[in-house]
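J.: Quick one, coords-v2.tsv (TSV, C-alpha atoms):
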chain	number	residue	atom	x	y	z
A	349	MET	CA	0.00	0.00	0.00
A	350	ILE	CA	1.31	3.48	-0.92
A	351	GLN	CA	1.19	6.05	1.86
A	352	THR	CA	-1.01	8.80	0.45
A	353	THR	CA	-2.66	12.01	1.59
A	354	ARG	CA	-6.10	13.34	0.81
A	355	SER	CA	-4.47	15.61	-1.79
A	356	ASP	CA	-2.95	12.57	-3.54
A	357	HIS	CA	-6.39	10.99	-3.82
A	358	ILE	CA	-7.99	14.20	-5.09
A	359	LEU	CA	-5.26	14.63	-7.70
A	360	PHE	CA	-5.71	11.06	-8.93
A	361	VAL	CA	-9.49	11.54	-9.19
A	362	VAL	CA	-9.02	14.73	-11.24
A	363	VAL	CA	-6.52	13.06	-13.59
A	364	THR	CA	-8.86	10.08	-14.05
A	365	LEU	CA	-11.82	12.34	-14.83
A	366	LEU	CA	-9.71	14.27	-17.37
A	367	TYR	CA	-8.58	10.99	-18.96
A	368	TRP	CA	-12.10	9.69	-19.53
A	369	SER	CA	-13.39	13.13	-20.55
A	370	THR	CA	-10.64	13.41	-23.19
A	371	LEU	CA	-11.47	9.94	-24.47
A	372	TYR	CA	-15.24	10.48	-24.64
A	373	VAL	CA	-15.62	14.19	-25.40
A	374	TYR	CA	-16.39	13.51	-29.08
A	375	VAL	CA	-18.10	10.10	-28.86
A	376	PRO	CA	-21.73	11.35	-29.17
A	377	ILE	CA	-20.93	13.52	-32.20
A	378	LEU	CA	-18.57	11.12	-33.99
A	379	SER	CA	-21.11	9.35	-36.18
A	380	PRO	CA	-23.06	12.58	-37.00
A	381	PHE	CA	-19.71	14.33	-37.68
A	382	MET	CA	-18.72	11.67	-40.19
A	383	LYS	CA	-22.19	11.61	-41.74
A	384	SER	CA	-21.97	15.37	-42.25
A	385	GLY	CA	-18.75	14.72	-44.17
A	386	GLY	CA	-20.66	12.51	-46.60
A	387	TYR	CA	-19.28	9.17	-45.42
A	388	ALA	CA	-21.37	6.01	-45.82
A	389	ASP	CA	-22.50	4.02	-42.78
A	390	VAL	CA	-20.10	1.21	-43.71
A	391	LEU	CA	-17.13	3.58	-43.36
A	392	ILE	CA	-18.56	5.00	-40.15
A	393	GLY	CA	-18.82	1.43	-38.83
A	394	ILE	CA	-15.18	0.73	-39.73
A	395	VAL	CA	-14.02	3.88	-37.94
A	396	LEU	CA	-16.15	3.16	-34.86
A	397	GLY	CA	-15.01	-0.46	-34.76
A	398	SER	CA	-11.31	0.38	-35.06
A	399	TYR	CA	-11.38	1.53	-31.42
A	400	GLY	CA	-12.04	-2.02	-30.25
A	401	PHE	CA	-9.79	-3.61	-32.87
A	402	VAL	CA	-6.73	-1.74	-31.56
A	403	GLN	CA	-7.58	-2.70	-27.98
A	404	MET	CA	-7.74	-6.36	-28.99
A	405	LEU	CA	-4.11	-6.08	-30.12
A	406	VAL	CA	-2.69	-3.62	-27.56
A	407	ARG	CA	-4.39	-4.11	-24.16
A	408	PHE	CA	-2.74	-7.38	-23.17
A	409	PRO	CA	0.83	-6.51	-24.30
A	410	LEU	CA	0.57	-3.09	-22.63
A	411	GLY	CA	-0.46	-4.80	-19.39
A	412	LEU	CA	2.48	-7.20	-19.68
A	413	LEU	CA	4.89	-4.31	-20.22
A	414	SER	CA	3.48	-2.32	-17.30
A	415	ASP	CA	3.81	-5.32	-14.99
A	416	LYS	CA	7.36	-6.04	-16.20
A	417	LEU	CA	8.48	-2.46	-15.57
A	418	HIS	CA	6.47	-2.20	-12.31
A	419	LYS	CA	5.65	1.30	-13.51
A	420	ARG	CA	2.14	2.70	-13.92
A	421	LYS	CA	2.62	6.48	-14.13
A	422	PRO	CA	4.25	6.46	-17.61
A	423	PHE	CA	1.19	4.64	-18.89
A	424	LEU	CA	-1.10	7.29	-17.38
A	425	MET	CA	0.88	9.80	-19.42
A	426	LEU	CA	0.70	7.61	-22.50
A	427	GLY	CA	-3.08	7.59	-22.14
A	428	MET	CA	-3.20	11.38	-21.99
A	429	ILE	CA	-0.85	11.85	-24.95
A	430	THR	CA	-2.67	9.39	-27.21
A	431	GLY	CA	-6.03	10.89	-26.16
A	432	MET	CA	-4.81	14.32	-27.28
A	433	LEU	CA	-3.40	12.94	-30.55
A	434	SER	CA	-6.71	11.21	-31.23
A	435	CYS	CA	-8.58	14.50	-31.02
A	436	LEU	CA	-6.02	16.30	-33.20
A	437	LEU	CA	-6.27	13.67	-35.94
A	438	PHE	CA	-10.04	14.14	-36.16
A	439	MET	CA	-9.48	17.80	-36.96
A	440	ILE	CA	-7.46	17.09	-40.13
A	441	PRO	CA	-9.76	17.47	-43.17
A	442	GLY	CA	-9.73	15.69	-46.50
A	443	SER	CA	-10.01	11.93	-46.00
A	444	TRP	CA	-11.83	9.34	-43.89
A	445	LEU	CA	-8.39	7.91	-43.06
A	446	TRP	CA	-7.82	10.74	-40.58
A	447	PRO	CA	-10.89	9.87	-38.47
A	448	LEU	CA	-9.83	6.22	-38.73
A	449	ALA	CA	-6.36	7.10	-37.43
A	450	GLY	CA	-7.93	9.22	-34.68
A	451	ARG	CA	-10.21	6.44	-33.51
A	452	MET	CA	-7.39	3.90	-33.63
A	453	MET	CA	-5.28	6.22	-31.49
A	454	SER	CA	-8.14	6.42	-28.99
A	455	GLY	CA	-7.95	2.61	-28.79
A	456	VAL	CA	-4.35	2.94	-27.60
A	457	CYS	CA	-5.52	5.57	-25.11
A	458	ALA	CA	-8.20	3.24	-23.72
A	459	SER	CA	-5.66	0.39	-23.45
A	460	ALA	CA	-3.71	2.42	-20.89
A	461	TRP	CA	-6.61	2.17	-18.45
A	462	VAL	CA	-5.25	-0.89	-16.66
A	463	ALA	CA	-2.38	1.22	-15.28
A	464	PHE	CA	-4.88	3.60	-13.64
A	465	THR	CA	-6.67	0.75	-11.87
A	466	VAL	CA	-3.46	-0.89	-10.62
A	467	LEU	CA	-2.00	2.36	-9.29
A	468	TYR	CA	-5.22	3.45	-7.62
A	469	ALA	CA	-5.68	0.05	-5.97
A	470	ALA	CA	-2.21	0.52	-4.44
A	471	TYR	CA	-3.53	3.62	-2.63
A	472	PHE	CA	-5.70	1.30	-0.50
A	473	ALA	CA	-5.11	-1.60	1.85
A	474	SER	CA	-5.81	-4.97	0.24
A	475	SER	CA	-8.87	-5.34	2.47
A	476	ASP	CA	-10.31	-2.19	0.82
A	477	ALA	CA	-9.82	-3.43	-2.77
A	478	THR	CA	-13.58	-3.55	-3.38
A	479	LYS	CA	-13.95	0.05	-2.22
A	480	ALA	CA	-11.11	1.12	-4.54
A	481	MET	CA	-12.68	-0.56	-7.57
A	482	SER	CA	-16.11	0.85	-6.72
A	483	ASN	CA	-14.62	4.35	-6.53
A	484	ILE	CA	-12.75	4.06	-9.79
A	485	SER	CA	-15.78	2.62	-11.58
A	486	PHE	CA	-17.75	5.69	-10.50
A	487	MET	CA	-14.91	7.92	-11.75
A	488	THR	CA	-15.09	6.15	-15.11
A	489	VAL	CA	-18.80	6.78	-15.61
A	490	SER	CA	-18.45	10.35	-14.30
A	491	GLY	CA	-15.58	11.18	-16.65
A	492	GLN	CA	-17.40	9.67	-19.62
A	493	LEU	CA	-20.53	11.63	-18.74
A	494	ILE	CA	-18.63	14.93	-18.39
A	495	GLY	CA	-16.98	14.44	-21.78
A	496	MET	CA	-20.14	13.35	-23.55
A	497	VAL	CA	-22.23	16.17	-22.09
A	498	LEU	CA	-19.61	18.71	-23.19
A	499	SER	CA	-19.57	17.16	-26.66
A	500	GLY	CA	-23.03	18.12	-27.86
A	501	TRP	CA	-22.99	21.57	-26.28
A	502	LEU	CA	-19.60	22.48	-27.77
A	503	ALA	CA	-20.50	21.20	-31.23
A	504	ASP	CA	-23.83	23.00	-31.15
A	505	THR	CA	-22.35	26.30	-29.97
A	506	TYR	CA	-18.96	26.43	-31.69
A	507	GLY	CA	-18.92	23.68	-34.36
A	508	TRP	CA	-17.56	20.14	-34.66
A	509	ASN	CA	-13.91	21.01	-34.07
A	510	ALA	CA	-14.69	22.64	-30.73
A	511	ALA	CA	-15.32	19.22	-29.18
A	512	PHE	CA	-12.07	17.85	-30.56
A	513	MET	CA	-10.15	20.92	-29.38
A	514	ALA	CA	-11.70	20.53	-25.93
A	515	GLY	CA	-10.33	16.98	-25.89
A	516	VAL	CA	-6.86	18.31	-26.65
A	517	ILE	CA	-7.10	20.90	-23.86
A	518	LEU	CA	-8.43	18.37	-21.34
A	519	GLY	CA	-5.62	16.01	-22.30
A	520	ILE	CA	-2.97	18.69	-21.81
A	521	PHE	CA	-4.27	19.46	-18.32
A	522	GLY	CA	-4.39	15.74	-17.56
A	523	LEU	CA	-0.83	15.20	-18.78
A	524	VAL	CA	0.55	18.09	-16.70
A	525	LEU	CA	-1.24	16.88	-13.57
A	526	ALA	CA	-0.19	13.27	-14.20
A	527	PHE	CA	3.43	14.29	-13.50
A	528	ALA	CA	2.37	15.01	-9.92
A	529	VAL	CA	0.46	11.74	-9.39
A	530	LYS	CA	2.08	9.80	-6.55
A	531	GLU	CA	3.96	6.62	-7.40
A	532	PRO	CA	7.05	5.37	-5.54
A	533	LYS	CA	10.37	5.33	-7.41
A	534	GLU	CA	10.41	1.54	-7.19
A	535	GLY	CA	6.99	1.45	-8.85
A	536	VAL	CA	3.91	-0.57	-7.95
A	537	THR	CA	4.01	-4.36	-8.04
A	538	ARG	CA	1.13	-6.80	-8.23
A	539	SER	CA	0.71	-10.43	-9.21
A	540	PRO	CA	1.61	-9.81	-12.86
A	541	ILE	CA	-0.08	-10.73	-16.10
A	542	SER	CA	1.65	-13.97	-17.01
A	543	LEU	CA	1.90	-15.73	-20.36
A	544	SER	CA	2.62	-18.95	-18.49
A	545	HIS	CA	-0.74	-18.66	-16.68
A	546	LEU	CA	-2.61	-17.65	-19.81
A	547	ARG	CA	-3.21	-21.17	-21.14
A	548	GLU	CA	-4.63	-22.34	-17.82
A	549	VAL	CA	-6.78	-19.23	-17.46
A	550	VAL	CA	-8.22	-19.53	-20.98
A	551	ARG	CA	-9.14	-23.17	-20.35
A	552	THR	CA	-11.42	-22.17	-17.47
A	553	PRO	CA	-15.03	-22.68	-18.71
A	554	SER	CA	-16.54	-19.90	-16.60
A	555	LEU	CA	-14.11	-17.30	-17.97
A	556	ARG	CA	-14.87	-18.36	-21.55
A	557	GLN	CA	-18.60	-18.09	-20.84
A	558	VAL	CA	-18.36	-14.69	-19.18
A	559	SER	CA	-16.04	-13.40	-21.93
A	560	THR	CA	-18.49	-14.50	-24.63
A	561	LEU	CA	-21.35	-12.73	-22.86
A	562	SER	CA	-19.23	-9.60	-22.48
A	563	ILE	CA	-18.35	-9.61	-26.19
A	564	LEU	CA	-22.07	-9.62	-26.99
A	565	ALA	CA	-22.76	-6.91	-24.37
A	566	HIS	CA	-20.14	-4.66	-25.92
A	567	CYS	CA	-21.50	-5.36	-29.40
A	568	VAL	CA	-24.81	-3.90	-28.22
A	569	LEU	CA	-23.23	-0.96	-26.36
A	570	PHE	CA	-21.07	0.09	-29.30
A	571	ILE	CA	-23.93	-0.24	-31.78
A	572	THR	CA	-26.16	1.96	-29.60
A	573	MET	CA	-24.97	4.91	-27.48
A	574	PHE	CA	-21.28	4.61	-28.40
A	575	GLY	CA	-22.17	4.00	-32.03
A	576	PHE	CA	-25.27	4.80	-34.08
A	577	THR	CA	-27.84	6.07	-31.56
A	578	PRO	CA	-26.56	9.67	-31.95
A	579	LEU	CA	-27.02	9.34	-35.71
A	580	LYS	CA	-30.60	8.13	-35.13
A	581	ALA	CA	-31.18	11.20	-32.93
A	582	THR	CA	-29.94	13.60	-35.61
A	583	SER	CA	-32.11	11.86	-38.22
A	584	LEU	CA	-35.09	12.66	-35.95
A	585	GLY	CA	-34.09	16.32	-35.94
A	586	ALA	CA	-31.89	16.55	-32.85
A	587	SER	CA	-29.52	19.47	-32.68
A	588	ASP	CA	-26.05	18.88	-31.32
A	589	GLY	CA	-27.26	20.42	-28.06
A	590	GLN	CA	-30.20	18.00	-27.88
A	591	LEU	CA	-27.73	15.14	-28.26
A	592	THR	CA	-26.56	16.10	-24.78
A	593	LEU	CA	-30.00	15.27	-23.38
A	594	ILE	CA	-30.01	11.91	-25.18
A	595	VAL	CA	-26.57	11.18	-23.71
A	596	ILE	CA	-27.74	12.08	-20.20
A	597	ALA	CA	-30.86	9.94	-20.65
A	598	PHE	CA	-28.62	6.92	-21.29
A	599	MET	CA	-25.56	7.54	-19.11
A	600	VAL	CA	-27.19	8.51	-15.80
A	601	PRO	CA	-29.32	5.32	-15.54
A	602	HIS	CA	-26.30	3.39	-16.84
A	603	GLY	CA	-24.21	4.61	-13.91
A	604	LEU	CA	-27.00	4.11	-11.37
A	605	ALA	CA	-27.55	0.54	-12.51
A	606	SER	CA	-23.89	-0.30	-11.96
A	607	LEU	CA	-24.21	0.95	-8.36
A	608	LEU	CA	-27.51	-0.83	-7.64
A	609	THR	CA	-26.80	-4.19	-9.28
A	610	GLY	CA	-24.23	-5.61	-6.88
A	611	ARG	CA	-25.73	-4.05	-3.77
A	612	TRP	CA	-29.41	-4.69	-4.32
A	613	LEU	CA	-30.42	-6.66	-7.42
A	614	VAL	CA	-28.00	-9.61	-7.30
A	615	PRO	CA	-28.55	-10.42	-3.58
A	616	ARG	CA	-32.32	-10.46	-4.12
A	617	PHE	CA	-32.70	-12.11	-7.53
A	618	GLY	CA	-29.47	-14.02	-8.17
A	619	THR	CA	-26.58	-13.45	-10.55
A	620	TRP	CA	-27.80	-15.34	-13.62
A	621	ASN	CA	-31.37	-14.02	-13.30
A	622	VAL	CA	-30.13	-10.42	-13.29
A	623	ILE	CA	-27.81	-11.04	-16.25
A	624	GLY	CA	-30.61	-12.68	-18.25
A	625	THR	CA	-33.08	-9.90	-17.44
A	626	ALA	CA	-30.52	-7.29	-18.46
A	627	TYR	CA	-30.00	-8.92	-21.86
A	628	LEU	CA	-33.75	-9.30	-22.39
A	629	LEU	CA	-34.41	-5.63	-21.63
A	630	SER	CA	-31.42	-4.34	-23.60
A	631	GLY	CA	-32.51	-6.40	-26.60
A	632	ILE	CA	-36.06	-5.03	-26.47
A	633	PHE	CA	-35.01	-1.40	-26.04
A	634	THR	CA	-32.23	-1.62	-28.63
A	635	VAL	CA	-34.72	-2.79	-31.27
A	636	ALA	CA	-37.14	-0.11	-30.02
A	637	ILE	CA	-34.63	2.56	-31.10
A	638	ALA	CA	-35.31	1.60	-34.71
A	639	PHE	CA	-39.03	2.35	-34.29
A	640	ALA	CA	-38.73	5.58	-32.27
A	641	PRO	CA	-40.87	8.16	-34.14
A	642	ASN	CA	-39.53	11.23	-32.34
A	643	LEU	CA	-36.89	12.42	-29.88
A	644	GLY	CA	-39.17	12.01	-26.85
A	645	VAL	CA	-39.69	8.29	-27.49
A	646	LEU	CA	-36.00	7.89	-28.32
A	647	ALA	CA	-35.09	9.45	-24.96
A	648	VAL	CA	-37.34	6.94	-23.17
A	649	THR	CA	-35.60	4.03	-24.95
A	650	GLN	CA	-32.26	5.47	-23.78
A	651	VAL	CA	-33.32	5.68	-20.13
A	652	LEU	CA	-34.43	2.05	-20.16
A	653	ASN	CA	-31.60	0.78	-22.33
A	654	GLY	CA	-29.00	2.65	-20.30
A	655	PHE	CA	-30.21	1.00	-17.10
A	656	ALA	CA	-30.44	-2.45	-18.71
A	657	GLN	CA	-26.92	-2.29	-20.14
A	658	GLY	CA	-25.57	-1.00	-16.83
A	659	MET	CA	-26.89	-4.10	-15.05
A	660	HIS	CA	-24.82	-6.86	-16.59
A	661	LEU	CA	-21.42	-5.24	-17.23
A	662	PRO	CA	-20.27	-4.96	-13.57
A	663	ILE	CA	-21.51	-8.50	-12.82
A	664	LEU	CA	-19.56	-9.95	-15.74
A	665	LEU	CA	-16.45	-8.07	-14.61
A	666	GLY	CA	-16.66	-9.67	-11.17
A	667	LEU	CA	-17.39	-13.15	-12.55
A	668	ALA	CA	-14.37	-12.95	-14.86
A	669	ILE	CA	-11.86	-13.10	-11.98
A	670	GLN	CA	-13.97	-14.83	-9.31
A	671	PRO	CA	-12.73	-18.43	-9.81
A	672	PHE	CA	-9.02	-17.56	-9.78
A	673	GLU	CA	-6.50	-17.27	-6.96
A	674	SER	CA	-4.94	-13.83	-6.57
A	675	SER	CA	-1.75	-14.74	-8.48
A	676	LYS	CA	-3.77	-15.44	-11.64
A	677	ARG	CA	-6.36	-12.68	-11.45
A	678	ALA	CA	-4.30	-10.10	-13.37
A	679	THR	CA	-3.88	-12.58	-16.23
A	680	ALA	CA	-7.60	-13.41	-16.20
A	681	MET	CA	-8.54	-9.72	-16.21
A	682	GLY	CA	-6.04	-8.95	-18.98
A	683	PHE	CA	-7.50	-11.72	-21.13
A	684	TYR	CA	-11.06	-10.68	-20.33
A	685	GLN	CA	-10.47	-7.03	-21.24
A	686	ALA	CA	-8.69	-7.91	-24.46
A	687	ILE	CA	-11.38	-10.38	-25.50
A	688	TYR	CA	-14.39	-8.14	-24.86
A	689	SER	CA	-12.76	-5.58	-27.18
A	690	ILE	CA	-13.93	-7.92	-29.94
A	691	GLY	CA	-17.44	-6.66	-29.22
A	692	MET	CA	-16.32	-3.03	-29.43
A	693	PHE	CA	-14.98	-3.83	-32.89
A	694	ALA	CA	-17.48	-6.34	-34.26
A	695	GLY	CA	-20.69	-4.55	-33.17
A	696	PRO	CA	-20.29	-1.23	-35.00
A	697	PHE	CA	-18.31	-2.85	-37.85
A	698	LEU	CA	-21.11	-5.31	-38.69
A	699	ALA	CA	-23.84	-2.76	-38.00
A	700	GLY	CA	-22.19	-0.37	-40.48
A	701	PHE	CA	-22.43	-2.99	-43.22
A	702	ILE	CA	-26.03	-3.87	-42.29
A	703	ASN	CA	-27.00	-0.19	-42.28
A	704	ASP	CA	-25.40	0.34	-45.66
A	705	MET	CA	-27.20	-2.65	-47.20
A	706	PHE	CA	-30.67	-2.41	-45.66
A	707	GLY	CA	-31.00	0.98	-43.90
A	708	ARG	CA	-29.77	2.37	-40.59
A	709	ASP	CA	-32.54	0.98	-38.41
A	710	TYR	CA	-31.50	-2.58	-39.21
A	711	GLY	CA	-28.28	-2.06	-37.26
A	712	PHE	CA	-30.37	-1.75	-34.10
A	713	VAL	CA	-32.18	-4.97	-35.01
A	714	LEU	CA	-28.73	-6.60	-35.25
A	715	GLY	CA	-27.98	-5.23	-31.77
A	716	GLY	CA	-31.20	-6.82	-30.52
A	717	ALA	CA	-30.14	-10.12	-32.08
A	718	PHE	CA	-26.82	-9.98	-30.21
A	719	ALA	CA	-28.69	-9.38	-26.93
A	720	LEU	CA	-31.10	-12.26	-27.68
A	721	THR	CA	-28.16	-14.57	-28.38
A	722	ALA	CA	-26.63	-13.56	-25.05
A	723	LEU	CA	-29.96	-14.21	-23.29
A	724	LEU	CA	-30.17	-17.73	-24.74
A	725	LEU	CA	-26.58	-18.48	-23.73
A	726	THR	CA	-27.30	-17.14	-20.25
A	727	LEU	CA	-30.27	-19.50	-19.85
A	728	VAL	CA	-28.21	-22.49	-21.02
A	729	TRP	CA	-25.26	-21.69	-18.75
A	730	LYS	CA	-27.55	-20.96	-15.81
A	731	ARG	CA	-28.93	-24.51	-16.09
A	732	SER	CA	-25.48	-26.07	-16.36
A	733	SER	CA	-24.30	-23.98	-13.40
A	734	SER	CA	-27.28	-25.14	-11.33
A	735	ARG	CA	-26.60	-28.78	-12.24
A	736	SER	CA	-22.92	-28.42	-11.32
A	737	ALA	CA	-23.83	-26.89	-7.98
A	738	ALA	CA	-26.36	-29.67	-7.28
A	739	SER	CA	-23.88	-32.43	-8.14
A	740	ALA	CA	-21.20	-30.80	-5.98
A	741	ALA	CA	-23.64	-30.71	-3.08
Show the structure stored in the file as structure tokens.
T.:
Amino acid sequence: MIQTTRSDHILFVVVTLLYWSTLYVYVPILSPFMKSGGYADVLIGIVLGSYGFVQMLVRFPLGLLSDKLHKRKPFLMLGMITGMLSCLLFMIPGSWLWPLAGRMMSGVCASAWVAFTVLYAAYFASSDATKAMSNISFMTVSGQLIGMVLSGWLADTYGWNAAFMAGVILGIFGLVLAFAVKEPKEGVTRSPISLSHLREVVRTPSLRQVSTLSILAHCVLFITMFGFTPLKATSLGASDGQLTLIVIAFMVPHGLASLLTGRWLVPRFGTWNVIGTAYLLSGIFTVAIAFAPNLGVLAVTQVLNGFAQGMHLPILLGLAIQPFESSKRATAMGFYQAIYSIGMFAGPFLAGFINDMFGRDYGFVLGGAFALTALLLTLVWKRSSSRSAASAA
């Protein structure tokens, strides 16, 4: 445990909020921004999906390197620098390759997140690990919300590039403050991500099941709010400022659900029941986006969908590392985070093609199909889990 003061904690919180704000300050306007440039949905889907594609390749190696060096602070700085570069690349006119490069750079930025979690956990005693992760999860949602709320207002008031420039400014502040973040000279050690443990971890059936469900969850998330929902809103006449309200309608229930699920829903209704209900509701309200006739109805779908999608993500995160001893948990988490990036890539990538072939609303139907698939898998694995528990008893 690192000996820290209240000021150290406050500084870390501010840097974390700036990190997520930089990363998400343009997310709600990205698909409308590209559409305004005349790009087809298939290209928009490729750009959106590149964020997850890069994380598939970079997250695990970056975690290995961080563990080998025992250093976390340089990776905080890497996150800030790549977040700034991402925003700058979006501001270069002339070709869809610049937005692609910008979104790929943001994938590198997001891959640095593991260093934040490891360093912050070291600020707490091991007995307070749950409290640390709860705090940092709340910082994540808060930073995303700040960035996304700023996005629509800035674009509406000052134009598209204002949101990207805000990301650059937020990143600069974050980088400067990151120099003052407390980390001992000897660095922060933990049970490292291990290639030797990877084979054993991957063979664990529960991790494969949870990872599959998380891939499908992220397919839905990155087709909807982090993908094409903003484009649906603009097609219904939303101004960039009104996008802010759509974002709030999704993100606030999303954050509340993550707080309520572990404390209230799971103890009362059971893990698998909550996961299954979440997929059922997210499937229904994702398809409902396609049929929303106006912004009011769309906002209602976002409130309900935001809550539904906030229910299963924290549960899956906990289940991913639950069966492993502490020495293997970093490897399990590294694998889990890398593998769910497939959903961040595949969801918007496939939806872009579907939208281009059949019309934009069909991408939301695809999202509903992903949620339905996850629901069916949940029901099957719930039965097998119950049988295993009964036989063990």
J.: Kindly indicate which residue among A:Ser475, A:Ser459, A:Ser674, A:Ser482 lies nearest to Pro409 (chain A), using only C-alpha atoms for the distances.
T.: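 Looking only at the distances to Pro409 (chain A), the closest residue turns out to be A:Ser459.
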J.: So that I can check the surroundings of Tyr688 (chain A), please list as a VMD selection string every protein, DNA and RNA residue that reaches within 12 Å of it, counting all atoms listed in the file and ignoring chain neighbours fewer than 6 positions away.
T.: chain A and resid 400 to 401 403 to 405 407 to 408 555 to 570 661 664 to 665 668 681 to 682 694 to 695
J.: Hey, what's within 12 Å of Gly522 (chain A) if we count only C-alpha atoms and toss same-chain stuff fewer than 2 positions away? As a count of residues only, please?
T.: 34
J.: From (0.6, -15.5, -17.2), in the file's coordinates, out to 9 Å: which residues are reached, counting all atoms listed in the file? Answer as number ranges by chain.
T.: A: 412, 540-549, 676, 678-680
J.: Could you tell me which of A:Ala510, A:Met692, A:Leu727, A:Ala719 comes closest to Phe633 (chain A) if we count only C-alpha atoms?
T.: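 Of A:Ala510, A:Met692, A:Leu727, A:Ala719, the one nearest Phe633 (chain A) is A:Ala719, counting only C-alpha atoms.
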J.: Counting all atoms listed in the file, which residue out of A:Asn703, A:Ser732, A:Gln351, A:Gln657 sits closest to Gly393 (chain A)?
T.: A:Asn703
J.: Using all atoms listed in the file for the distances, tell me which of A:Ala638, A:Val536, A:Ala463, A:Ala626 is nearest to Gly411 (chain A).
T.: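 Selected residue with least distance to Gly411 (chain A): A:Ala463.
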J.: Do you have the CA of Thr465 (chain A)-CA of His418 (chain A) distance handy?
T.: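 Going from CA of Thr465 (chain A) over to CA of His418 (chain A), I get 13.5 Å.
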J.: For Phe574 (chain A), which residue out of A:Leu410, A:Val595, A:Cys435, A:Met349 is the nearest one, using all atoms listed in the file?
T.: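 Checking each of A:Leu410, A:Val595, A:Cys435, A:Met349 against Phe574 (chain A), counting all atoms listed in the file, the winner is A:Val595.
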J.: Kindly give the distance, in Å, that separates CA of Trp612 (chain A) and CA of Thr726 (chain A), rounded to a single decimal.
T.: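 Interatomic distance here is 20.3 Å.
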J.: Rounded to one decimal place, report the CA of His660 (chain A)-CA of Arg538 (chain A) distance in Å.
T.: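 Rounded to one decimal, the two atoms are 27.3 Å apart.
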J.: Return the padded bounding box of region 708-721 of chain A as lines of an AutoDock Vina configuration file: axis-aligned, built from all atoms listed in the file, 4 Å added on each side, with centre and edge lengths in Å to one decimal.
T.:
center_x = -29.7
center_y = -6.1
center_z = -33.8
size_x = 13.7
size_y = 24.9
size_z = 21.7
J.: Using all atoms listed in the file, pick whichever of A:Ala636, A:Val648, A:Val550, A:Met382 has the shortest atom-to-atom distance to Ala597 (chain A).
T.: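 Closest candidate: A:Val648.
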